[in-house]
Each structure stands twice: as structure tokens, then as C-alpha cells.
>>> print(open('start.json').read())   # JSON, C-alpha atoms
[["chain", "number", "residue", "atom", "x", "y", "z"],
["A", 1, "MET", "CA", 0.00, 0.00, 0.00],
["A", 2, "THR", "CA", 2.97, 2.25, -0.57],
["A", 3, "GLY", "CA", 1.89, 5.82, -1.20],
["A", 4, "ARG", "CA", -1.79, 5.21, -0.37],
["A", 5, "LYS", "CA", -3.40, 6.92, 2.58],
["A", 6, "CYS", "CA", -6.00, 5.66, 5.02],
["A", 7, "PRO", "CA", -9.18, 7.68, 4.37],
["A", 8, "GLY", "CA", -9.84, 7.82, 8.11],
["A", 9, "CYS", "CA", -6.60, 9.35, 9.35],
["A", 10, "GLY", "CA", -4.55, 10.10, 6.25],
["A", 11, "LEU", "CA", -1.53, 8.00, 7.27],
["A", 12, "ILE", "CA", 0.17, 5.84, 4.67],
["A", 13, "SER", "CA", 0.69, 2.99, 7.16],
["A", 14, "CYS", "CA", -2.31, 3.35, 9.44],
["A", 15, "ARG", "CA", -2.36, 0.74, 12.24],
["A", 16, "ARG", "CA", -6.14, 0.56, 12.11],
["A", 17, "LEU", "CA", -5.99, -0.12, 8.39],
["A", 18, "ILE", "CA", -3.54, -2.98, 8.92],
["A", 19, "ALA", "CA", -5.13, -4.34, 12.14],
["A", 20, "THR", "CA", -8.60, -4.63, 10.64],
["A", 21, "GLY", "CA", -7.32, -6.44, 7.56],
["A", 22, "ARG", "CA", -9.18, -3.98, 5.33],
["A", 23, "ARG", "CA", -6.17, -2.82, 3.33],
["A", 24, "SER", "CA", -7.42, -4.12, -0.01],
["A", 25, "THR", "CA", -10.95, -2.75, 0.43],
["A", 26, "LEU", "CA", -9.73, 0.66, 1.53],
["A", 27, "ALA", "CA", -7.10, 0.78, -1.21],
["A", 28, "TRP", "CA", -9.79, -0.11, -3.75],
["A", 29, "LYS", "CA", -12.03, 2.71, -2.50],
["A", 30, "LEU", "CA", -9.13, 5.16, -2.71],
["A", 31, "GLU", "CA", -8.27, 4.08, -6.24],
["A", 32, "LYS", "CA", -11.90, 4.32, -7.38],
["A", 33, "ASN", "CA", -12.52, 7.69, -5.68],
["A", 34, "LEU", "CA", -16.05, 6.54, -4.85],
["A", 35, "PRO", "CA", -18.79, 8.99, -3.90],
["A", 36, "GLN", "CA", -19.28, 8.92, -0.14],
["A", 37, "LEU", "CA", -21.41, 10.63, 2.46],
["A", 38, "SER", "CA", -20.93, 10.70, 6.23],
["A", 39, "LEU", "CA", -23.23, 11.06, 9.21],
["A", 40, "HIS", "CA", -23.02, 11.30, 12.96],
["A", 41, "SER", "CA", -24.74, 8.38, 14.68],
["A", 42, "PRO", "CA", -25.18, 7.10, 18.24],
["A", 43, "ILE", "CA", -22.45, 4.51, 17.52],
["A", 44, "GLY", "CA", -19.97, 6.97, 16.01],
["A", 45, "ASP", "CA", -19.34, 8.60, 12.68],
["A", 46, "LEU", "CA", -20.32, 6.48, 9.67],
["A", 47, "THR", "CA", -19.47, 6.89, 6.00],
["A", 48, "VAL", "CA", -21.42, 5.20, 3.22],
["A", 49, "SER", "CA", -19.85, 4.73, -0.24],
["A", 50, "GLU", "CA", -21.52, 3.92, -3.55],
["A", 51, "GLU", "CA", -20.49, 2.74, -6.96],
["A", 52, "ASP", "CA", -22.70, 2.64, -10.05],
["A", 53, "GLY", "CA", -25.94, 3.14, -8.09],
["A", 54, "GLU", "CA", -25.27, 0.55, -5.38],
["A", 55, "ILE", "CA", -23.95, 0.81, -1.81],
["A", 56, "VAL", "CA", -20.51, -0.84, -1.64],
["A", 57, "ALA", "CA", -19.23, 0.13, 1.81],
["A", 58, "LEU", "CA", -20.10, 1.45, 5.25],
["A", 59, "ASP", "CA", -17.12, 2.53, 7.36],
["A", 60, "TRP", "CA", -16.73, 3.76, 10.93],
["A", 61, "ASP", "CA", -15.09, 7.11, 10.28],
["A", 62, "TRP", "CA", -15.81, 10.46, 8.68],
["A", 63, "GLY", "CA", -15.11, 10.30, 4.95],
["A", 64, "ARG", "CA", -12.66, 12.59, 3.25],
["A", 65, "ASP", "CA", -15.16, 13.56, 0.55],
["A", 66, "GLN", "CA", -18.83, 14.37, 0.88],
["A", 67, "THR", "CA", -20.85, 13.71, -2.28],
["A", 68, "PRO", "CA", -24.60, 13.81, -1.62],
["A", 69, "THR", "CA", -25.81, 11.58, -4.47],
["A", 70, "PRO", "CA", -29.49, 10.56, -4.40],
["A", 71, "LEU", "CA", -28.61, 7.03, -3.25],
["A", 72, "LEU", "CA", -26.24, 8.21, -0.52],
["A", 73, "LEU", "CA", -28.88, 10.66, 0.74],
["A", 74, "ARG", "CA", -31.36, 7.74, 0.88],
["A", 75, "ALA", "CA", -28.79, 5.65, 2.76],
["A", 76, "LYS", "CA", -28.12, 8.46, 5.24],
["A", 77, "THR", "CA", -31.85, 8.93, 5.84],
["A", 78, "ALA", "CA", -32.32, 5.15, 6.20],
["A", 79, "LEU", "CA", -29.58, 5.00, 8.83],
["A", 80, "LEU", "CA", -30.87, 8.02, 10.76],
["A", 81, "ASP", "CA", -34.38, 6.53, 10.75],
["A", 82, "TYR", "CA", -32.95, 3.16, 11.86],
["A", 83, "PHE", "CA", -31.22, 4.80, 14.83],
["A", 84, "ASP", "CA", -34.59, 6.39, 15.69],
["A", 85, "GLY", "CA", -36.12, 2.89, 15.87],
["A", 86, "ALA", "CA", -37.57, 2.45, 12.35],
["A", 87, "PRO", "CA", -36.92, -0.70, 10.29],
["A", 88, "LEU", "CA", -33.89, -0.39, 8.06],
["A", 89, "GLN", "CA", -34.91, 0.53, 4.52],
["A", 90, "ALA", "CA", -33.74, -1.89, 1.81],
["A", 91, "LEU", "CA", -31.23, -0.33, -0.58],
["A", 92, "PRO", "CA", -29.29, -1.74, -3.52],
["A", 93, "LEU", "CA", -26.14, -3.32, -2.11],
["A", 94, "ARG", "CA", -23.09, -4.74, -3.85],
["A", 95, "PRO", "CA", -20.52, -6.00, -1.36],
["A", 96, "ARG", "CA", -17.19, -7.13, -2.81],
["A", 97, "GLY", "CA", -16.20, -10.62, -1.76],
["A", 98, "SER", "CA", -15.85, -14.27, -2.72],
["A", 99, "ALA", "CA", -18.82, -16.41, -3.72],
["A", 100, "TYR", "CA", -18.77, -17.98, -0.26],
["A", 101, "ARG", "CA", -18.82, -14.61, 1.50],
["A", 102, "GLN", "CA", -21.66, -13.51, -0.79],
["A", 103, "ARG", "CA", -23.69, -16.56, 0.38],
["A", 104, "VAL", "CA", -22.99, -15.75, 4.03],
["A", 105, "TRP", "CA", -23.90, -12.08, 3.59],
["A", 106, "GLN", "CA", -27.13, -12.98, 1.80],
["A", 107, "THR", "CA", -28.01, -15.34, 4.66],
["A", 108, "LEU", "CA", -27.37, -12.52, 7.17],
["A", 109, "ARG", "CA", -29.78, -10.26, 5.29],
["A", 110, "GLU", "CA", -32.52, -12.83, 5.89],
["A", 111, "ILE", "CA", -32.22, -12.64, 9.70],
["A", 112, "PRO", "CA", -35.16, -10.53, 10.93],
["A", 113, "ALA", "CA", -34.37, -7.38, 12.91],
["A", 114, "GLY", "CA", -34.30, -8.03, 16.63],
["A", 115, "GLN", "CA", -33.40, -11.69, 16.19],
["A", 116, "THR", "CA", -30.05, -13.46, 16.21],
["A", 117, "ARG", "CA", -28.57, -16.62, 14.73],
["A", 118, "SER", "CA", -25.46, -18.47, 15.79],
["A", 119, "TYR", "CA", -22.39, -18.77, 13.62],
["A", 120, "ILE", "CA", -23.06, -22.49, 13.23],
["A", 121, "GLU", "CA", -26.68, -21.86, 12.16],
["A", 122, "ILE", "CA", -25.43, -19.53, 9.43],
["A", 123, "ALA", "CA", -22.82, -22.14, 8.40],
["A", 124, "ARG", "CA", -25.56, -24.78, 8.05],
["A", 125, "ILE", "CA", -27.36, -22.54, 5.56],
["A", 126, "ALA", "CA", -24.46, -20.90, 3.70],
["A", 127, "GLY", "CA", -21.92, -23.72, 4.02],
["A", 128, "GLY", "CA", -18.56, -23.76, 5.70],
["A", 129, "CYS", "CA", -18.07, -23.78, 9.45],
["A", 130, "ALA", "CA", -18.62, -21.34, 12.30],
["A", 131, "ARG", "CA", -15.07, -19.99, 11.92],
["A", 132, "SER", "CA", -15.49, -19.29, 8.19],
["A", 133, "VAL", "CA", -18.77, -17.49, 8.93],
["A", 134, "GLY", "CA", -16.89, -15.38, 11.49],
["A", 135, "GLY", "CA", -14.30, -14.54, 8.83],
["A", 136, "ALA", "CA", -17.02, -13.52, 6.39],
["A", 137, "ASN", "CA", -18.64, -11.37, 9.07],
["A", 138, "ALA", "CA", -15.33, -9.66, 9.84],
["A", 139, "ALA", "CA", -14.88, -8.92, 6.12],
["A", 140, "ASN", "CA", -18.43, -7.56, 5.69],
["A", 141, "PRO", "CA", -17.95, -4.24, 3.87],
["A", 142, "ILE", "CA", -21.50, -2.97, 4.46],
["A", 143, "ALA", "CA", -22.17, -3.47, 8.17],
["A", 144, "ILE", "CA", -25.64, -2.65, 9.52],
["A", 145, "PHE", "CA", -27.19, -2.98, 6.03],
["A", 146, "ILE", "CA", -25.76, -6.51, 5.98],
["A", 147, "PRO", "CA", -26.50, -7.24, 9.65],
["A", 148, "CYS", "CA", -23.46, -9.18, 10.85],
["A", 149, "HIS", "CA", -24.27, -7.87, 14.34],
["A", 150, "ARG", "CA", -27.17, -10.38, 14.43],
["A", 151, "VAL", "CA", -24.77, -13.34, 14.48],
["A", 152, "VAL", "CA", -23.76, -14.58, 17.94],
["A", 153, "GLY", "CA", -21.68, -17.37, 19.40],
["A", 154, "ALA", "CA", -23.30, -20.54, 20.70],
["A", 155, "ASN", "CA", -22.59, -19.46, 24.30],
["A", 156, "SER", "CA", -21.59, -15.82, 23.97],
["A", 157, "LEU", "CA", -22.21, -12.58, 22.14],
["A", 158, "GLY", "CA", -19.30, -13.26, 19.79],
["A", 159, "GLY", "CA", -17.05, -10.66, 18.25],
["A", 160, "TYR", "CA", -17.71, -7.56, 16.21],
["A", 161, "SER", "CA", -15.22, -5.60, 14.13],
["A", 162, "GLY", "CA", -17.20, -2.38, 13.71],
["A", 163, "GLY", "CA", -17.24, 0.69, 15.91],
["A", 164, "ASP", "CA", -16.29, -0.16, 19.49],
["A", 165, "GLY", "CA", -16.46, -3.90, 18.88],
["A", 166, "PRO", "CA", -18.86, -6.02, 20.95],
["A", 167, "MET", "CA", -20.20, -2.92, 22.74],
["A", 168, "THR", "CA", -21.45, -1.61, 19.38],
["A", 169, "LYS", "CA", -22.95, -5.02, 18.62],
["A", 170, "GLN", "CA", -24.85, -4.94, 21.93],
["A", 171, "LYS", "CA", -26.16, -1.45, 21.17],
["A", 172, "LEU", "CA", -27.40, -2.44, 17.70],
["A", 173, "LEU", "CA", -29.14, -5.54, 19.05],
["A", 174, "ALA", "CA", -30.75, -3.53, 21.87],
["A", 175, "LEU", "CA", -31.95, -0.92, 19.37],
["A", 176, "GLU", "CA", -33.54, -3.59, 17.20],
["A", 177, "ARG", "CA", -35.30, -5.06, 20.21],
["A", 178, "GLY", "CA", -37.02, -1.76, 20.91],
["A", 179, "GLY", "CA", -34.40, -0.12, 23.10],
["A", 180, "LYS", "CA", -32.54, 3.14, 22.70],
["A", 181, "ILE", "CA", -28.86, 3.77, 22.13]]
>>> encode(input="start.json", output="C-alpha cells")
Amino acid sequence: MTGRKCPGCGLISCRRLIATGRRSTLAWKLEKNLPQLSLHSPIGDLTVSEEDGEIVALDWDWGRDQTPTPLLLRAKTALLDYFDGAPLQALPLRPRGSAYRQRVWQTLREIPAGQTRSYIEIARIAGGCARSVGGANAANPIAIFIPCHRVVGANSLGGYSGGDGPMTKQKLLALERGGKI
């Protein structure tokens, strides 16, 4: 990633960029110069990116560019309404990932709001094992819209790579169960 900067902090060798394993996704977004729009939310700043009329990313940071396209404005409104307790509006999504990850992400989208499924339950539907489902969740480029926060361990909450980690996951689940953040 020589010469490329993290869109969150501007550093060429950002520790967050390397620690989250999102180098290729972030580098791709930088190369493409995708339209993006940011918002303040109860779980931190969020930035939504689009390409060719479809949402391709949601990141926990304030984006470097602010391009209020019609789709990004719809996404921002959908997220603000969601944080106010409304169901999340369906939008056109195109996450980048392998065929396996696509199957996992599609399975996640079928989990009703306010409900959870275990990693092994998702693996039974999408294939693979609980660990591979966890890997697909960690690589989910469009969190919240693809609700990886609804996947839990057999005996625990499980991990979460967005926002403040498992604390953010707890907040999203509480919100979907009628609570407030």
C-alpha cells in the first residue's frame, strides 16, 4: 500500500488499516474515488460509499469527501431513521467478496431485525463452518445494512469488528429489540 493513505486518518501505514485487515478494500475505495457521504450516529461517525448506483461500503469514520448523491442521501436517511427505531430501509447493495462470503452475507440479510442466529446456524445454511462465517462477518464491507451484528456465538455474544467492537454489537441488538442507544 505504498503511497496510499488511510481515508480515516490520512496516514500511509495506518495501524487501524492494517489491524482490521481492510487494506485491499480501503485501497480499492481510494483508487476508485467513490462517492461517499458521512453522518453522525449514536455509535460513532459512519461513512457510506456507492459505486454505479449501489452501496458498496459502510465505514466507521468520517469520509474525506462528501458527495450527496441521491442514493447516498437515501442511505443516510435510512440509517438516521434506523437509529430512531424504524426498520432499516432496503437499498441496492453490492458488497465485494468471494462467492462464499456472498452466500454468508445474503443469509445474514434474511435474519429478521431483533433476532439473532449463531455462527453455526449460518454455516448450516451458507456452508462452511462457524469460523469461516466469522471470517465472512469480519470482512463484511457494508455493516448494519448486511447485519453481521445479528450473528452470535453458541454461548456468547461473539465478536464484532465495527465501531467499538462487541459494545457496538450490543447497542445495535438492543436498538432492534425496541431499546434506545
>>> closest_atom_pairs(input="start.json", of="range 56-130 of chain A", to="range 153-161 of chain A", cutoff="9 Å", atoms="all atoms listed in the file", output="Markdown table")
| residue | atom | partner | partner_atom | distance |
| --- | --- | --- | --- | --- |
| A:Arg117 | CA | A:Gly153 | CA | 8.4 |
| A:Ser118 | CA | A:Gly153 | CA | 5.3 |
| A:Tyr119 | CA | A:Gly153 | CA | 6.0 |
| A:Ile120 | CA | A:Ala154 | CA | 7.7 |
| A:Ala130 | CA | A:Gly153 | CA | 8.7 |
>>> closest_residue(input="start.json", among="A:Ile146, A:Val133, A:Leu88, A:Leu79", to="Glu110 in chain A", atoms="only C-alpha atoms")
A:Ile146
>>> atom_distance(input="start.json", atom1="CA of Gln89 in chain A", atom2="CA of Ala123 in chain A")
26.0 Å
>>> atom_distance(input="start.json", atom1="CA of Gln170 in chain A", atom2="CA of Asn137 in chain A")
15.7 Å
>>> atom_distance(input="start.json", atom1="CA of Lys180 in chain A", atom2="CA of Ile142 in chain A")
22.2 Å
>>> residues_around(input="start.json", residues="Gly163 in chain A", least_positions_apart="5", cutoff="10 Å", atoms="only C-alpha atoms", output="tab-separated table (two decimals) with C-alpha atoms, in the frame of the given file")
chain	number	residue	atom	x	y	z
A	43	ILE	CA	-22.45	4.51	17.52
A	44	GLY	CA	-19.97	6.97	16.01
A	45	ASP	CA	-19.34	8.60	12.68
A	46	LEU	CA	-20.32	6.48	9.67
A	59	ASP	CA	-17.12	2.53	7.36
A	60	TRP	CA	-16.73	3.76	10.93
A	61	ASP	CA	-15.09	7.11	10.28
A	168	THR	CA	-21.45	-1.61	19.38
A	169	LYS	CA	-22.95	-5.02	18.62
>>> residues_near_point(input="start.json", point="(-27.9, -8.4, 15.0)", cutoff="6 Å", atoms="only C-alpha atoms", output="list in words")
Thr116, Pro147, His149, Arg150, Val151 and Leu173 of chain A
>>> closest_residue(input="start.json", among="A:Ala138, A:Ala143, A:Ile181, A:Leu72", to="Arg109 in chain A", atoms="only C-alpha atoms")
A:Ala143
>>> residues_around(input="start.json", residues="Pro141 in chain A", least_positions_apart="4", cutoff="10 Å", atoms="all atoms listed in the file", output="tab-separated table (two decimals) with C-alpha atoms, in the coordinates of the input")
chain	number	residue	atom	x	y	z
A	22	ARG	CA	-9.18	-3.98	5.33
A	25	THR	CA	-10.95	-2.75	0.43
A	26	LEU	CA	-9.73	0.66	1.53
A	55	ILE	CA	-23.95	0.81	-1.81
A	56	VAL	CA	-20.51	-0.84	-1.64
A	57	ALA	CA	-19.23	0.13	1.81
A	58	LEU	CA	-20.10	1.45	5.25
A	59	ASP	CA	-17.12	2.53	7.36
A	94	ARG	CA	-23.09	-4.74	-3.85
A	95	PRO	CA	-20.52	-6.00	-1.36
A	96	ARG	CA	-17.19	-7.13	-2.81
A	97	GLY	CA	-16.20	-10.62	-1.76
A	105	TRP	CA	-23.90	-12.08	3.59
A	136	ALA	CA	-17.02	-13.52	6.39
A	137	ASN	CA	-18.64	-11.37	9.07
A	145	PHE	CA	-27.19	-2.98	6.03
A	146	ILE	CA	-25.76	-6.51	5.98
>>> residues_around(input="start.json", residues="Ile125 in chain A", least_positions_apart="6", cutoff="9 Å", atoms="all atoms listed in the file", output="count of residues only")
3
>>> residues_around(input="start.json", residues="Ser38 in chain A", least_positions_apart="5", cutoff="7 Å", atoms="all atoms listed in the file", output="number ranges by chain")
A: 45-48, 62-63, 66
>>> closest_residue(input="start.json", among="A:Met167, A:Gly162, A:Ser41, A:Arg101", to="Asp84 in chain A", atoms="all atoms listed in the file")
A:Ser41
>>> axis_aligned_box(input="start.json", around="range 102-120 of chain A", padding_each_side="5 Å", output="JSON")
{"center_x": -28.4, "center_y": -14.9, "center_z": 7.9, "size_x": 23.5, "size_y": 25.1, "size_z": 27.4}
>>> closest_residue(input="start.json", among="A:Pro92, A:Gly85, A:Pro35, A:Gly135", to="Thr69 in chain A", atoms="all atoms listed in the file")
A:Pro35
>>> closest_residue(input="start.json", among="A:Ala174, A:Gln36, A:Ile111, A:Leu80", to="Asp65 in chain A", atoms="all atoms listed in the file")
A:Gln36
>>> decode(input="start.json", residues="range 110-125 of chain A", atoms="N, CA and C atoms", output="tab-separated table (two decimals), in the first residue's frame")
chain	number	residue	atom	x	y	z
A	110	GLU	N	-31.24	-12.17	5.66
A	110	GLU	CA	-32.52	-12.83	5.89
A	110	GLU	C	-32.85	-12.98	7.37
A	111	ILE	N	-31.95	-12.60	8.26
A	111	ILE	CA	-32.22	-12.64	9.70
A	111	ILE	C	-33.10	-11.44	10.05
A	112	PRO	N	-34.29	-11.67	10.59
A	112	PRO	CA	-35.16	-10.53	10.93
A	112	PRO	C	-34.55	-9.62	12.00
A	113	ALA	N	-34.84	-8.35	11.91
A	113	ALA	CA	-34.37	-7.38	12.91
A	113	ALA	C	-34.84	-7.82	14.29
A	114	GLY	N	-33.96	-7.67	15.26
A	114	GLY	CA	-34.30	-8.03	16.63
A	114	GLY	C	-34.05	-9.49	16.96
A	115	GLN	N	-33.69	-10.28	15.96
A	115	GLN	CA	-33.40	-11.69	16.19
A	115	GLN	C	-31.92	-11.96	15.94
A	116	THR	N	-31.43	-13.08	16.44
A	116	THR	CA	-30.05	-13.46	16.21
A	116	THR	C	-30.00	-14.91	15.71
A	117	ARG	N	-28.88	-15.25	15.13
A	117	ARG	CA	-28.57	-16.62	14.73
A	117	ARG	C	-27.14	-16.89	15.14
A	118	SER	N	-26.83	-18.13	15.41
A	118	SER	CA	-25.46	-18.47	15.79
A	118	SER	C	-24.61	-18.64	14.53
A	119	TYR	N	-23.31	-18.57	14.73
A	119	TYR	CA	-22.39	-18.77	13.62
A	119	TYR	C	-22.63	-20.13	12.97
A	120	ILE	N	-22.86	-21.15	13.77
A	120	ILE	CA	-23.06	-22.49	13.23
A	120	ILE	C	-24.38	-22.58	12.47
A	121	GLU	N	-25.42	-21.87	12.91
A	121	GLU	CA	-26.68	-21.86	12.16
A	121	GLU	C	-26.48	-21.23	10.78
A	122	ILE	N	-25.71	-20.17	10.72
A	122	ILE	CA	-25.43	-19.53	9.43
A	122	ILE	C	-24.61	-20.49	8.56
A	123	ALA	N	-23.64	-21.18	9.16
A	123	ALA	CA	-22.82	-22.14	8.40
A	123	ALA	C	-23.67	-23.27	7.83
A	124	ARG	N	-24.68	-23.71	8.56
A	124	ARG	CA	-25.56	-24.78	8.05
A	124	ARG	C	-26.32	-24.33	6.80
A	125	ILE	N	-26.63	-23.06	6.72
A	125	ILE	CA	-27.36	-22.54	5.56
A	125	ILE	C	-26.41	-22.18	4.42
